[in-house]
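Data block for query-v2.txt (compact mmCIF, C-alpha atoms):
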# COMPACT_ATOMS: atom_id res chain seq x y z
CA MET A 1 27.79 -17.90 -33.72
CA ASN A 2 30.61 -18.96 -31.48
CA ARG A 3 31.97 -22.36 -30.62
CA GLY A 4 29.92 -22.73 -27.48
CA ASP A 5 26.79 -21.53 -29.21
CA ASN A 6 24.07 -24.16 -29.55
CA ARG A 7 23.20 -22.92 -33.03
CA TYR A 8 26.79 -23.48 -34.06
CA LYS A 9 26.81 -27.00 -32.60
CA GLU A 10 23.58 -27.73 -34.45
CA TYR A 11 25.19 -26.45 -37.65
CA ILE A 12 28.21 -28.73 -37.21
CA ASN A 13 26.08 -31.69 -36.16
CA GLY A 14 23.87 -31.03 -39.20
CA ASN A 15 26.90 -31.23 -41.43
CA ILE A 16 28.01 -34.47 -39.81
CA ARG A 17 24.52 -35.92 -40.19
CA SER A 18 24.66 -34.96 -43.89
CA ILE A 19 27.98 -36.71 -44.29
CA LEU A 20 26.78 -39.84 -42.52
CA TRP A 21 23.63 -39.77 -44.63
CA VAL A 22 25.74 -39.53 -47.77
CA ILE A 23 27.90 -42.45 -46.64
CA ASP A 24 24.77 -44.42 -45.89
CA MET A 25 23.42 -43.54 -49.32
CA ALA A 26 26.64 -44.70 -50.91
CA LYS A 27 26.46 -48.00 -49.04
CA THR A 28 22.89 -48.46 -50.12
CA ALA A 29 23.81 -47.60 -53.69
CA LYS A 30 26.55 -50.20 -53.67
CA LYS A 31 24.16 -52.90 -52.51
CA ARG A 32 21.72 -52.03 -55.25
CA SER A 33 24.26 -51.80 -58.06
CA GLY A 34 22.84 -52.22 -61.52
CA THR A 35 19.49 -50.55 -60.95
CA ALA A 36 18.37 -47.28 -62.49
CA GLN A 37 18.14 -45.67 -59.05
CA ASP A 38 21.89 -46.19 -58.38
CA ALA A 39 22.96 -43.41 -60.69
CA SER A 40 20.83 -40.90 -58.81
CA HIS A 41 22.26 -42.01 -55.44
CA GLU A 42 25.80 -41.71 -56.79
CA ASP A 43 24.95 -38.28 -58.16
CA VAL A 44 23.49 -37.14 -54.85
CA PHE A 45 26.53 -38.48 -53.03
CA LYS A 46 28.94 -36.76 -55.40
CA MET A 47 27.01 -33.51 -55.33
CA VAL A 48 26.76 -33.30 -51.54
CA PHE A 49 30.30 -34.57 -51.00
CA ASP A 50 31.78 -31.90 -53.22
CA ARG A 51 29.49 -29.00 -52.48
CA ILE A 52 29.19 -29.18 -48.71
CA GLN A 53 31.07 -26.28 -47.10
CA THR A 54 32.94 -28.64 -44.81
CA GLY A 55 36.23 -30.19 -45.77
CA ILE A 56 36.14 -33.97 -45.81
CA LEU A 57 39.05 -36.38 -45.94
CA ILE A 58 38.71 -40.13 -45.97
CA ILE A 59 41.75 -41.75 -44.40
CA ASP A 60 43.00 -45.28 -44.09
CA PRO A 61 43.65 -45.68 -40.33
CA GLU A 62 46.25 -48.41 -40.88
CA THR A 63 48.53 -46.53 -43.24
CA HIS A 64 47.30 -43.00 -42.51
CA THR A 65 47.10 -42.37 -46.22
CA ILE A 66 44.47 -40.04 -47.63
CA ILE A 67 42.04 -42.10 -49.71
CA ASP A 68 39.78 -39.33 -50.93
CA ALA A 69 38.85 -35.70 -50.31
CA ASN A 70 36.05 -33.40 -51.33
CA ASP A 71 36.34 -30.12 -53.23
CA HIS A 72 36.18 -27.97 -50.11
CA ALA A 73 39.11 -29.86 -48.56
CA GLU A 74 41.01 -29.35 -51.80
CA SER A 75 40.23 -25.65 -51.71
CA LEU A 76 41.28 -25.26 -48.07
CA LEU A 77 44.49 -27.17 -48.61
CA GLY A 78 45.22 -25.06 -51.66
CA VAL A 79 46.38 -27.93 -53.80
CA LYS A 80 44.82 -30.29 -56.34
CA LYS A 81 43.42 -33.53 -55.01
CA ASP A 82 45.78 -35.69 -57.06
CA LYS A 83 48.73 -34.08 -55.28
CA PHE A 84 47.70 -35.26 -51.81
CA VAL A 85 45.47 -38.30 -52.25
CA GLY A 86 47.69 -41.26 -51.45
CA LYS A 87 49.94 -39.23 -49.19
CA VAL A 88 50.30 -39.79 -45.44
CA CYS A 89 48.06 -37.37 -43.54
CA HIS A 90 50.52 -36.32 -40.83
CA ASP A 91 53.04 -35.32 -43.48
CA PHE A 92 50.51 -33.18 -45.16
CA VAL A 93 47.43 -31.95 -43.36
CA CYS A 94 47.98 -32.78 -39.70
CA PRO A 95 50.68 -31.21 -37.53
CA ALA A 96 50.85 -34.35 -35.31
CA HIS A 97 54.02 -36.39 -35.69
CA CYS A 98 54.15 -39.98 -36.93
CA GLY A 99 53.09 -42.33 -34.15
CA GLN A 100 51.16 -39.59 -32.40
CA CYS A 101 47.93 -39.64 -34.33
CA PRO A 102 45.30 -38.38 -31.91
CA ILE A 103 42.80 -40.98 -33.13
CA THR A 104 44.70 -44.19 -33.81
CA ASP A 105 47.71 -43.75 -31.50
CA LEU A 106 46.47 -41.59 -28.64
CA ASN A 107 42.82 -42.70 -28.74
CA THR A 108 41.65 -39.13 -28.32
CA PRO A 109 38.19 -38.57 -29.75
CA LEU A 110 37.94 -35.45 -31.87
CA HIS A 111 34.53 -33.88 -31.93
CA ASN A 112 34.31 -30.22 -32.91
CA THR A 113 37.80 -29.81 -31.55
CA GLU A 114 39.90 -26.82 -32.44
CA ARG A 115 42.88 -27.92 -34.51
CA VAL A 116 45.23 -26.56 -37.14
CA LEU A 117 45.23 -27.59 -40.78
CA LEU A 118 48.47 -27.25 -42.72
CA SER A 119 47.86 -25.86 -46.17
CA ALA A 120 50.15 -26.44 -49.14
CA SER A 121 51.47 -22.88 -48.82
CA GLY A 122 52.45 -23.57 -45.20
CA GLU A 123 49.57 -21.57 -43.76
CA ARG A 124 48.27 -22.92 -40.46
CA ILE A 125 44.51 -22.72 -40.82
CA PRO A 126 42.48 -22.90 -37.59
CA ILE A 127 39.69 -25.45 -38.00
CA LEU A 128 37.03 -27.24 -36.00
CA LYS A 129 37.65 -30.89 -36.62
CA THR A 130 35.59 -34.02 -36.12
CA VAL A 131 36.82 -37.50 -36.86
CA ALA A 132 34.30 -40.31 -37.23
CA GLN A 133 35.10 -43.95 -37.80
CA ALA A 134 33.20 -45.74 -40.53
CA THR A 135 33.33 -49.15 -42.15
CA LEU A 136 32.84 -49.39 -45.88
CA ALA A 137 32.82 -52.77 -47.58
CA GLY A 138 34.26 -54.38 -44.45
CA LYS A 139 37.18 -51.95 -44.18
CA ALA A 140 37.56 -49.32 -41.51
CA TYR A 141 38.07 -45.69 -42.50
CA LEU A 142 38.45 -42.41 -40.71
CA ILE A 143 36.16 -39.68 -41.95
CA GLU A 144 37.69 -36.35 -41.07
CA SER A 145 35.49 -33.32 -41.43
CA PHE A 146 36.66 -29.83 -40.72
CA THR A 147 35.32 -26.29 -40.82
CA ASP A 148 37.48 -23.27 -41.49
CA ILE A 149 37.26 -20.93 -38.49
CA ARG A 150 39.74 -18.27 -39.62
CA ASP A 151 37.04 -15.58 -39.72
CA ARG A 152 35.82 -16.51 -36.26
CA LYS A 153 39.37 -16.51 -34.86
CA LYS A 154 40.01 -13.14 -36.43
CA ALA A 155 36.78 -11.81 -34.94
CA GLU A 156 37.73 -13.24 -31.52
CA GLU A 157 41.16 -11.60 -31.68
CA ARG A 158 39.55 -8.32 -32.66
CA ARG A 159 37.13 -8.62 -29.76
CA ILE A 160 39.97 -9.34 -27.30
CA ALA A 161 42.02 -6.45 -28.66
CA LEU A 162 38.99 -4.18 -28.49
CA LEU A 163 38.24 -5.19 -24.89
CA ALA A 164 41.87 -4.70 -23.94
CA TYR A 165 41.86 -1.33 -25.64
CA LEU A 166 38.69 -0.31 -23.78
CA ASN A 167 40.17 -1.53 -20.49
CA GLU A 168 43.37 0.37 -21.16
CA SER A 169 41.50 3.54 -21.98
CA VAL A 170 39.35 3.32 -18.86
CA LEU A 171 42.47 2.86 -16.71
CA ARG A 172 44.06 5.84 -18.39
CA ILE A 173 41.10 7.98 -17.46
CA LYS A 174 39.54 6.82 -14.17
CA LYS A 175 42.50 7.07 -11.74
CA PRO A 176 44.08 10.12 -13.38
CA LEU A 177 40.68 11.83 -13.09
CA GLU A 178 40.55 11.03 -9.37
CA LEU A 179 44.06 12.40 -9.03
CA THR A 180 43.09 15.52 -10.99
CA GLY A 181 40.11 16.01 -8.64
CA GLU A 182 42.47 15.84 -5.66
CA ASN A 183 44.90 18.23 -7.34
CA LEU A 184 42.10 20.75 -7.92
CA ARG A 185 41.14 20.57 -4.24
CA ARG A 186 44.79 21.15 -3.31
CA ILE A 187 45.01 24.11 -5.70
CA GLU A 188 41.84 25.54 -4.15
CA GLN A 189 43.48 25.37 -0.71
CA GLN A 190 46.67 26.89 -2.08
CA ALA A 191 44.70 29.75 -3.64
CA GLY A 192 43.06 30.45 -0.30
CA SER A 193 46.30 30.26 1.68
CA GLY A 194 47.89 33.33 0.13
CA ASP A 195 51.24 31.50 -0.03
CA TYR A 196 51.14 31.01 -3.77
CA THR A 197 51.31 33.64 -6.49
CA PRO A 198 48.46 34.01 -9.02
CA GLU A 199 50.88 32.77 -11.71
CA GLU A 200 51.52 29.57 -9.72
CA ILE A 201 47.80 29.00 -9.28
CA ARG A 202 47.12 29.77 -12.96
CA MET A 203 49.86 27.39 -14.09
CA GLN A 204 48.48 24.56 -11.96
CA ILE A 205 44.92 25.10 -13.16
CA ARG A 206 46.18 25.11 -16.74
CA LEU A 207 48.06 21.86 -16.07
CA GLN A 208 44.92 20.18 -14.73
CA SER A 209 42.91 21.59 -17.63
CA ASN A 210 45.40 20.23 -20.18
CA ASN A 211 45.34 16.85 -18.47
CA ILE A 212 41.54 16.79 -18.59
CA MET A 213 41.63 17.67 -22.30
CA THR A 214 44.08 14.82 -22.92
CA MET A 215 41.83 12.42 -21.02
CA ALA A 216 38.84 13.70 -23.00
CA ALA A 217 40.72 12.97 -26.22
CA THR A 218 41.44 9.42 -24.99
CA LEU A 219 37.78 9.08 -24.07
CA GLN A 220 36.73 10.33 -27.50
CA ASP A 221 38.99 7.78 -29.10
CA LEU A 222 37.46 5.10 -26.89
CA ALA A 223 33.93 6.17 -27.87
CA SER A 224 34.81 6.15 -31.56
CA THR A 225 36.43 2.74 -31.31
CA ALA A 226 33.46 1.26 -29.49
CA ALA A 227 30.92 2.87 -31.82
CA GLU A 228 32.52 2.12 -35.12
CA GLU A 229 34.15 -1.17 -34.08
CA ARG A 230 37.09 -0.21 -36.20
CA ASP A 231 39.83 -2.69 -36.90
CA ASP A 232 42.48 0.00 -36.72
CA ILE A 233 43.10 -0.41 -33.00
CA PRO A 234 46.70 0.68 -32.58
CA GLU A 235 48.99 -2.23 -33.28
CA ARG A 236 50.92 -1.70 -30.05
CA PHE A 237 47.77 -2.40 -28.01
CA ARG A 238 47.00 -5.47 -30.07
CA GLU A 239 50.56 -6.78 -29.74
CA PHE A 240 50.68 -6.09 -26.04
CA PHE A 241 47.37 -7.59 -25.03
CA VAL A 242 46.81 -10.29 -27.61
CA GLY A 243 50.40 -11.37 -27.10
CA LYS A 244 51.31 -11.43 -30.83
CA MET B 11 52.40 -6.03 5.79
CA GLU B 12 55.17 -3.60 4.89
CA ASP B 13 56.56 -1.05 7.33
CA THR B 14 58.93 1.88 7.06
CA GLN B 15 61.89 -0.49 7.38
CA ALA B 16 60.86 -1.81 4.00
CA LEU B 17 61.91 1.53 2.55
CA ASP B 18 65.44 1.59 3.89
CA LEU B 19 67.38 3.28 1.11
CA SER B 20 70.66 3.73 2.92
CA THR B 21 71.87 0.15 2.91
CA ASP B 22 71.39 -1.07 -0.61
CA THR B 23 70.08 -0.07 -4.02
CA GLN B 24 66.35 -0.65 -3.90
CA LEU B 25 63.49 -0.07 -6.28
CA PHE B 26 59.97 0.43 -4.97
CA LEU B 27 56.55 0.85 -6.45
CA LEU B 28 54.62 2.84 -3.88
CA LEU B 29 50.83 2.71 -4.12
CA SER B 30 48.48 5.19 -2.48
CA ALA B 31 44.98 6.61 -2.63
CA PRO B 32 44.72 9.71 -4.89
CA GLN B 33 44.20 12.01 -1.90
CA ALA B 34 47.43 10.80 -0.28
CA ILE B 35 49.79 10.99 -3.22
CA ASN B 36 51.14 14.47 -2.41
CA THR B 37 51.62 13.55 1.25
CA MET B 38 53.42 10.45 0.05
CA ASN B 39 55.70 12.61 -2.10
CA LEU B 40 56.64 14.74 0.92
CA LEU B 41 57.17 11.74 3.18
CA MET B 42 59.38 10.05 0.65
CA ILE B 43 61.54 13.14 0.16
CA LYS B 44 62.07 13.31 3.91
CA LYS B 45 62.79 9.59 4.00
CA ILE B 46 65.38 9.88 1.23
CA LEU B 47 67.07 12.85 2.90
CA THR B 48 67.06 11.12 6.28
CA GLY B 49 68.86 8.23 4.62
CA LYS B 50 71.58 10.69 3.55
CA CYS B 51 70.63 10.25 -0.08
CA THR B 52 70.11 12.97 -2.67
CA PRO B 53 66.66 12.89 -4.22
CA LEU B 54 66.03 13.45 -7.91
CA ILE B 55 62.34 14.20 -8.33
CA ILE B 56 60.76 13.53 -11.69
CA SER B 57 57.63 15.61 -11.49
CA LEU B 58 54.71 14.96 -13.79
CA ASN B 59 52.18 16.08 -11.23
CA GLN B 60 53.24 19.53 -10.00
CA PRO B 61 55.30 22.35 -11.47
CA CYS B 62 58.73 22.74 -9.91
CA GLN B 63 57.87 26.23 -8.65
CA VAL B 64 55.02 24.80 -6.56
CA LEU B 65 57.09 21.83 -5.38
CA VAL B 66 59.79 24.19 -4.12
CA LYS B 67 57.22 26.00 -1.98
CA SER B 68 55.67 22.80 -0.65
CA TYR B 69 59.10 21.44 0.30
CA ALA B 70 60.17 24.78 1.80
CA LYS B 71 57.20 24.60 4.17
CA GLU B 72 58.67 21.31 5.43
CA GLY B 73 62.11 22.87 5.83
CA ILE B 74 63.57 21.30 2.70
CA THR B 75 65.70 23.73 0.70
CA PRO B 76 66.24 23.57 -3.10
CA ASP B 77 69.93 22.74 -2.74
CA GLN B 78 68.98 19.44 -1.08
CA TYR B 79 67.29 17.96 -4.15
CA TYR B 80 67.22 17.93 -7.97
CA VAL B 81 64.10 18.19 -10.13
CA ILE B 82 63.17 17.19 -13.65
CA ASP B 83 60.03 19.21 -14.33
CA ALA B 84 57.88 17.78 -17.13
CA VAL B 85 54.86 20.01 -16.63
CA THR B 86 55.77 23.70 -16.32
CA HIS B 87 56.20 24.23 -20.07
CA TYR B 88 53.12 22.08 -20.75
CA ALA B 89 51.16 24.31 -18.36
CA GLY B 90 52.36 27.50 -20.06
CA GLY B 91 54.62 28.50 -17.17
CA THR B 92 58.01 30.15 -17.27
CA MET B 93 61.01 27.87 -17.03
CA HIS B 94 64.02 28.79 -14.91
CA PRO B 95 66.59 26.06 -15.48
CA ASP B 96 69.53 25.90 -13.11
CA SER B 97 72.02 23.33 -11.88
CA HIS B 98 69.31 21.64 -9.79
CA THR B 99 66.40 21.92 -12.23
CA ARG B 100 65.81 20.71 -15.77
CA TYR B 101 62.66 21.12 -17.82
CA ILE B 102 60.98 18.83 -20.32
CA ASN B 103 58.63 20.33 -22.89
CA HIS B 104 55.87 17.75 -22.50
CA PRO B 105 55.14 14.87 -20.09
CA ALA B 106 55.06 12.50 -23.07
CA ASP B 107 58.56 13.52 -24.19
CA LEU B 108 60.15 10.30 -23.03
CA THR B 109 63.35 10.91 -24.99
CA GLY B 110 63.88 14.23 -23.26
CA LEU B 111 63.04 12.65 -19.94
CA GLY B 112 65.50 9.79 -20.51
CA ILE B 113 68.28 12.23 -21.45
CA ALA B 114 67.60 14.44 -18.43
CA ILE B 115 67.69 11.42 -16.08
CA THR B 116 70.95 10.18 -17.57
CA GLU B 117 72.58 13.61 -17.36
CA PHE B 118 71.44 14.27 -13.80
CA LEU B 119 72.62 10.86 -12.61
CA LYS B 120 76.07 11.75 -13.94
CA GLN B 121 75.94 15.26 -12.55
CA ILE B 122 74.74 14.64 -8.98
CA PRO B 123 77.90 14.36 -6.89
CA SER B 124 76.35 12.45 -3.98
CA PRO B 125 77.30 8.76 -3.81
CA CYS B 126 73.77 7.92 -2.69
CA LYS B 127 71.08 8.99 -5.13
CA CYS B 128 67.42 8.15 -5.26
CA ILE B 129 64.87 8.91 -7.95
CA LEU B 130 61.34 9.81 -6.92
CA PHE B 131 59.01 9.35 -9.88
CA ASP B 132 55.80 11.35 -9.32
CA SER B 133 53.85 9.67 -10.74
CA VAL B 134 53.32 6.64 -12.95
CA SER B 135 49.58 7.42 -12.94
CA MET B 136 50.12 10.88 -14.44
CA LEU B 137 52.42 9.42 -17.09
CA MET B 138 49.55 7.14 -18.10
CA ILE B 139 47.43 10.14 -19.09
CA HIS B 140 49.84 10.94 -21.86
CA ILE B 141 51.08 7.61 -23.16
CA PRO B 142 49.68 4.10 -23.59
CA THR B 143 50.39 1.39 -21.03
CA ALA B 144 52.66 -0.52 -23.38
CA THR B 145 54.86 2.52 -24.01
CA ALA B 146 54.86 3.44 -20.31
CA SER B 147 55.91 -0.09 -19.41
CA LYS B 148 58.83 -0.01 -21.85
CA PHE B 149 59.93 3.39 -20.63
CA LEU B 150 59.78 2.41 -16.95
CA GLN B 151 61.75 -0.71 -17.73
CA PHE B 152 64.37 1.52 -19.38
CA VAL B 153 64.50 3.77 -16.28
CA VAL B 154 64.75 0.79 -13.93
CA ASN B 155 67.61 -0.71 -15.96
CA LYS B 156 69.39 2.63 -15.95
CA LEU B 157 69.01 2.87 -12.15
CA LYS B 158 70.27 -0.67 -11.61
CA ILE B 159 73.31 -0.09 -13.83
CA SER B 160 74.03 3.22 -12.08
CA ASP B 161 73.48 1.72 -8.63
CA VAL B 162 70.75 4.24 -7.86
CA SER B 163 67.61 3.61 -5.83
CA GLY B 164 64.17 4.53 -7.10
CA ILE B 165 60.67 5.09 -5.79
CA PHE B 166 57.81 5.08 -8.28
CA LEU B 167 54.64 6.67 -6.96
CA CYS B 168 51.35 5.40 -8.30
CA VAL B 169 47.68 5.71 -7.47
CA GLU B 170 46.45 2.39 -6.07
CA LYS B 171 44.51 0.23 -8.52
CA GLY B 172 45.50 2.74 -11.18
CA LEU B 173 47.53 0.30 -13.17
CA ASP B 174 46.51 -2.28 -15.67
CA PRO B 175 47.11 -5.77 -14.23
CA VAL B 176 49.53 -6.38 -17.08
CA ILE B 177 51.72 -3.37 -16.30
CA LEU B 178 51.43 -4.06 -12.56
CA SER B 179 52.72 -7.59 -13.05
CA GLN B 180 55.53 -6.26 -15.24
CA MET B 181 56.39 -3.58 -12.70
CA SER B 182 56.41 -6.14 -9.91
CA ALA B 183 58.93 -8.11 -11.93
CA PHE B 184 61.42 -5.29 -12.17
CA VAL B 185 60.99 -3.46 -8.84
CA ASP B 186 62.17 -5.00 -5.58
CA LYS B 187 59.00 -4.29 -3.62
CA ILE B 188 55.48 -3.04 -4.09
CA VAL B 189 54.52 -1.10 -0.98
CA ASP B 190 51.12 0.16 0.06
CA PHE B 191 51.27 3.67 1.51
CA GLU B 192 48.61 2.84 4.11
CA ASP B 193 50.90 0.13 5.48
CA ILE B 194 53.75 2.61 5.78
CA GLN B 195 51.56 5.03 7.70
CA LYS B 196 50.63 2.31 10.17
Represent the structure contained in this file as structure tokens.
Amino acid sequence: MNRGDNRYKEYINGNIRSILWVIDMAKTAKKRSGTAQDASHEDVFKMVFDRIQTGILIIDPETHTIIDANDHAESLLGVKKDKFVGKVCHDFVCPAHCGQCPITDLNTPLHNTERVLLSASGERIPILKTVAQATLAGKAYLIESFTDIRDRKKAEERRIALLAYLNESVLRIKKPLELTGENLRRIEQQAGSGDYTPEEIRMQIRLQSNNIMTMAATLQDLASTAAEERDDIPERFREFFVGK
Amino acid sequence: MEDTQALDLSTDTQLFLLLSAPQAINTMNLLMIKKILTGKCTPLIISLNQPCQVLVKSYAKEGITPDQYYVIDAVTHYAGGTMHPDSHTRYINHPADLTGLGIAITEFLKQIPSPCKCILFDSVSMLMIHIPTATASKFLQFVVNKLKISDVSGIFLCVEKGLDPVILSQMSAFVDKIVDFEDIQK
């Protein structure tokens, strides 16, 4: 699944629907406090909130402090909840500077938008982020949900590097082969002219033959890379084409 | 459109990337040698396409004698031929021996007495058979820098559309002009 894939969008939207359903359940539970059914709603809420494989942060839009987070958010951030709940989000999880919050300051809606999450270890984790606004007990909150896309980014980079490597290999074969074809025609003429010694002709044929063998080796490498989809594409190609 | 005036080597140090169809690359080599000699420059041919022994014969047919040019031959040994080094000819063991090639260029640039020197690199496309684009790009950048520092002109022959867009854009950044051989012929 990639970002533009409908199945992926459905997956994300499904997660969001789950979250909104949970919030709705929580609201309902609050209204019905005291009944036997409340405990089960709270349990469902807690279970889904903590087990869903989407990080969730609940943020106070006025102070930008983190009110709550689920287990997956805790795991992605790499730090216990009590260490970041109560902290300001842009100091901790969001690379945006103070006063430049995309939601409250810049009014930019975030819906499955590619962003970076700062983990406690300083790792910049690529995520798909959605921010929804919700009102609970008369107070507005921001519900941030995010999905870790490190694997997808890695796969994308591998695909780009692989394509670049294939492109490079084709370029290193196609034109040199054309040139080799021309050289062989020239050698044929030279052989017929009588102006060149057999040793000169032999040497040139050997040169073209060696070049063809080198191109064949490049082609073999290309075939192996494509077939096995190895991740050991030479680093120099990766650096050069992926720009890292 | 470029014309032959675009390849005036006598007035100033210039670096060109010369593109041609595969069938015209040897003609282009000959034309460029003549052009360099007409401009009263001494050519240093870096040959990755033909053994020196064959080049000498091809040039002789055009009335160009071996004392008029210098050659770095990167293919004779690779093709199992016999090497005959002299003051005008140096041999490299393998076309991918960039260190040897770099040393030979440096030494020849010091050795050639003529005040006007011009390198003819034949060809970038053949170099690409032996080394990856990224390595070729770094090496060519090294050669170009060396030429600029030494105030030497250079012509890099290449098969048209034979370069990765990345290397082409890099080459266009460090040569003065990219010239199409067809335009020169017109």
Problem - 7 Å contacts from chain B to chain A using only C-alpha atoms, as a list of chain:residue names - result: B:Pro32, B:Gln33, B:Val64, B:Tyr88, B:Ala89, B:Gly90, B:Gly91, B:Ser135, B:Met136, B:Met138, B:Ile139, B:Ala144, B:Val169, B:Gly172, B:Leu173, B:Asp174
Just-selected residues, C-alpha atoms written as a PDB file, in the frame of the given file:
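So the final result, stored in out30.pdb, reads:
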ATOM      1  CA  PRO B  32      44.720   9.710  -4.890  1.00  0.00           C
ATOM      2  CA  GLN B  33      44.200  12.010  -1.900  1.00  0.00           C
ATOM      3  CA  VAL B  64      55.020  24.800  -6.560  1.00  0.00           C
ATOM      4  CA  TYR B  88      53.120  22.080 -20.750  1.00  0.00           C
ATOM      5  CA  ALA B  89      51.160  24.310 -18.360  1.00  0.00           C
ATOM      6  CA  GLY B  90      52.360  27.500 -20.060  1.00  0.00           C
ATOM      7  CA  GLY B  91      54.620  28.500 -17.170  1.00  0.00           C
ATOM      8  CA  SER B 135      49.580   7.420 -12.940  1.00  0.00           C
ATOM      9  CA  MET B 136      50.120  10.880 -14.440  1.00  0.00           C
ATOM     10  CA  MET B 138      49.550   7.140 -18.100  1.00  0.00           C
ATOM     11  CA  ILE B 139      47.430  10.140 -19.090  1.00  0.00           C
ATOM     12  CA  ALA B 144      52.660  -0.520 -23.380  1.00  0.00           C
ATOM     13  CA  VAL B 169      47.680   5.710  -7.470  1.00  0.00           C
ATOM     14  CA  GLY B 172      45.500   2.740 -11.180  1.00  0.00           C
ATOM     15  CA  LEU B 173      47.530   0.300 -13.170  1.00  0.00           C
ATOM     16  CA  ASP B 174      46.510  -2.280 -15.670  1.00  0.00           C
TER      17      ASP B 174
END
Problem - Nearest residue to Lys81 in chain A from the set A:Ile56, A:Thr104, A:Leu128, A:His97 (distances using all atoms listed in the file) - result: A:Ile56
Problem - Residue nearest Cys168 in chain B - candidates B:Gln63, B:Thr92, B:Ser133, B:Gln121, atoms counted: only C-alpha atoms - result: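 Distance minimum relative to Cys168 in chain B lands on B:Ser133.
Take CA of Pro126 in chain A and CA of Glu62 in chain A: the distance between them is 26.0 Å.
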Exercise for the section: Name the residues in contact with range 151-161 of chain B at a cut-off of 10 Å, using all atoms listed in the file, excluding same-chain residues fewer than 2 positions from it; report them as an MDAnalysis selection string. Expected result: chainID B and resid 22:25 111:112 115:116 119:120 125:129 145:149 163:164 166 180:181 183:185
Please produce a file of those selected residues containing C-alpha atoms, as a PDB file, in the frame of the given file.
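In the end it all went to out.pdb:
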ATOM      1  CA  ASP B  22      71.390  -1.070  -0.610  1.00  0.00           C
ATOM      2  CA  THR B  23      70.080  -0.070  -4.020  1.00  0.00           C
ATOM      3  CA  GLN B  24      66.350  -0.650  -3.900  1.00  0.00           C
ATOM      4  CA  LEU B  25      63.490  -0.070  -6.280  1.00  0.00           C
ATOM      5  CA  LEU B 111      63.040  12.650 -19.940  1.00  0.00           C
ATOM      6  CA  GLY B 112      65.500   9.790 -20.510  1.00  0.00           C
ATOM      7  CA  ILE B 115      67.690  11.420 -16.080  1.00  0.00           C
ATOM      8  CA  THR B 116      70.950  10.180 -17.570  1.00  0.00           C
ATOM      9  CA  LEU B 119      72.620  10.860 -12.610  1.00  0.00           C
ATOM     10  CA  LYS B 120      76.070  11.750 -13.940  1.00  0.00           C
ATOM     11  CA  PRO B 125      77.300   8.760  -3.810  1.00  0.00           C
ATOM     12  CA  CYS B 126      73.770   7.920  -2.690  1.00  0.00           C
ATOM     13  CA  LYS B 127      71.080   8.990  -5.130  1.00  0.00           C
ATOM     14  CA  CYS B 128      67.420   8.150  -5.260  1.00  0.00           C
ATOM     15  CA  ILE B 129      64.870   8.910  -7.950  1.00  0.00           C
ATOM     16  CA  THR B 145      54.860   2.520 -24.010  1.00  0.00           C
ATOM     17  CA  ALA B 146      54.860   3.440 -20.310  1.00  0.00           C
ATOM     18  CA  SER B 147      55.910  -0.090 -19.410  1.00  0.00           C
ATOM     19  CA  LYS B 148      58.830  -0.010 -21.850  1.00  0.00           C
ATOM     20  CA  PHE B 149      59.930   3.390 -20.630  1.00  0.00           C
ATOM     21  CA  SER B 163      67.610   3.610  -5.830  1.00  0.00           C
ATOM     22  CA  GLY B 164      64.170   4.530  -7.100  1.00  0.00           C
ATOM     23  CA  PHE B 166      57.810   5.080  -8.280  1.00  0.00           C
ATOM     24  CA  GLN B 180      55.530  -6.260 -15.240  1.00  0.00           C
ATOM     25  CA  MET B 181      56.390  -3.580 -12.700  1.00  0.00           C
ATOM     26  CA  ALA B 183      58.930  -8.110 -11.930  1.00  0.00           C
ATOM     27  CA  PHE B 184      61.420  -5.290 -12.170  1.00  0.00           C
ATOM     28  CA  VAL B 185      60.990  -3.460  -8.840  1.00  0.00           C
TER      29      VAL B 185
END
Exercise for the section: Would you mind reading off the distance between CA of His98 in chain B and CA of Leu150 in chain B, one decimal, in Å? Expected result: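 So the answer is 22.6 Å.
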Practice task
Record the distance separating CA of Ile188 in chain B and CA of Leu28 in chain B, expressed in Å with one decimal.
Solution key: 5.9 Å
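All residues of protein, DNA or RNA that reach within 8 Å of Asp83 in chain B, judged by all atoms listed in the file and not counting those fewer than 2 positions away in the chain, are B:Ile56, B:Ser57, B:Leu58, B:Pro61, B:Cys62, B:Val81, B:Val85, B:Thr86, B:Thr99, B:Arg100, B:Tyr101, B:Ile102.
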Those same residues - C-alpha atoms - I'd like them written as a short mmCIF file (atom, residue, chain, number, x, y, z; two decimals), in the coordinates of the input.
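Here's the written file selection_26.cif:
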data_model
loop_
_atom_site.label_atom_id
_atom_site.label_comp_id
_atom_site.auth_asym_id
_atom_site.auth_seq_id
_atom_site.Cartn_x
_atom_site.Cartn_y
_atom_site.Cartn_z
CA ILE B 56 60.76 13.53 -11.69
CA SER B 57 57.63 15.61 -11.49
CA LEU B 58 54.71 14.96 -13.79
CA PRO B 61 55.30 22.35 -11.47
CA CYS B 62 58.73 22.74 -9.91
CA VAL B 81 64.10 18.19 -10.13
CA VAL B 85 54.86 20.01 -16.63
CA THR B 86 55.77 23.70 -16.32
CA THR B 99 66.40 21.92 -12.23
CA ARG B 100 65.81 20.71 -15.77
CA TYR B 101 62.66 21.12 -17.82
CA ILE B 102 60.98 18.83 -20.32
#
Return the padded bounding box of range 97-100 of chain B as AutoDock Vina command-line options: axis-aligned, built from all atoms listed in the file, 3 Å added on each side, with centre and edge lengths in Å to one decimal.
--center_x 68.9 --center_y 22.0 --center_z -12.8 --size_x 12.2 --size_y 8.6 --size_z 12.0
Problem - Shortest interatomic distance to Phe84 in chain A - which of A:Leu222, A:Cys98, A:Leu110, A:Ala120, counting only C-alpha atoms - result: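 Closest to Phe84 in chain A, using only C-alpha atoms: A:Ala120.
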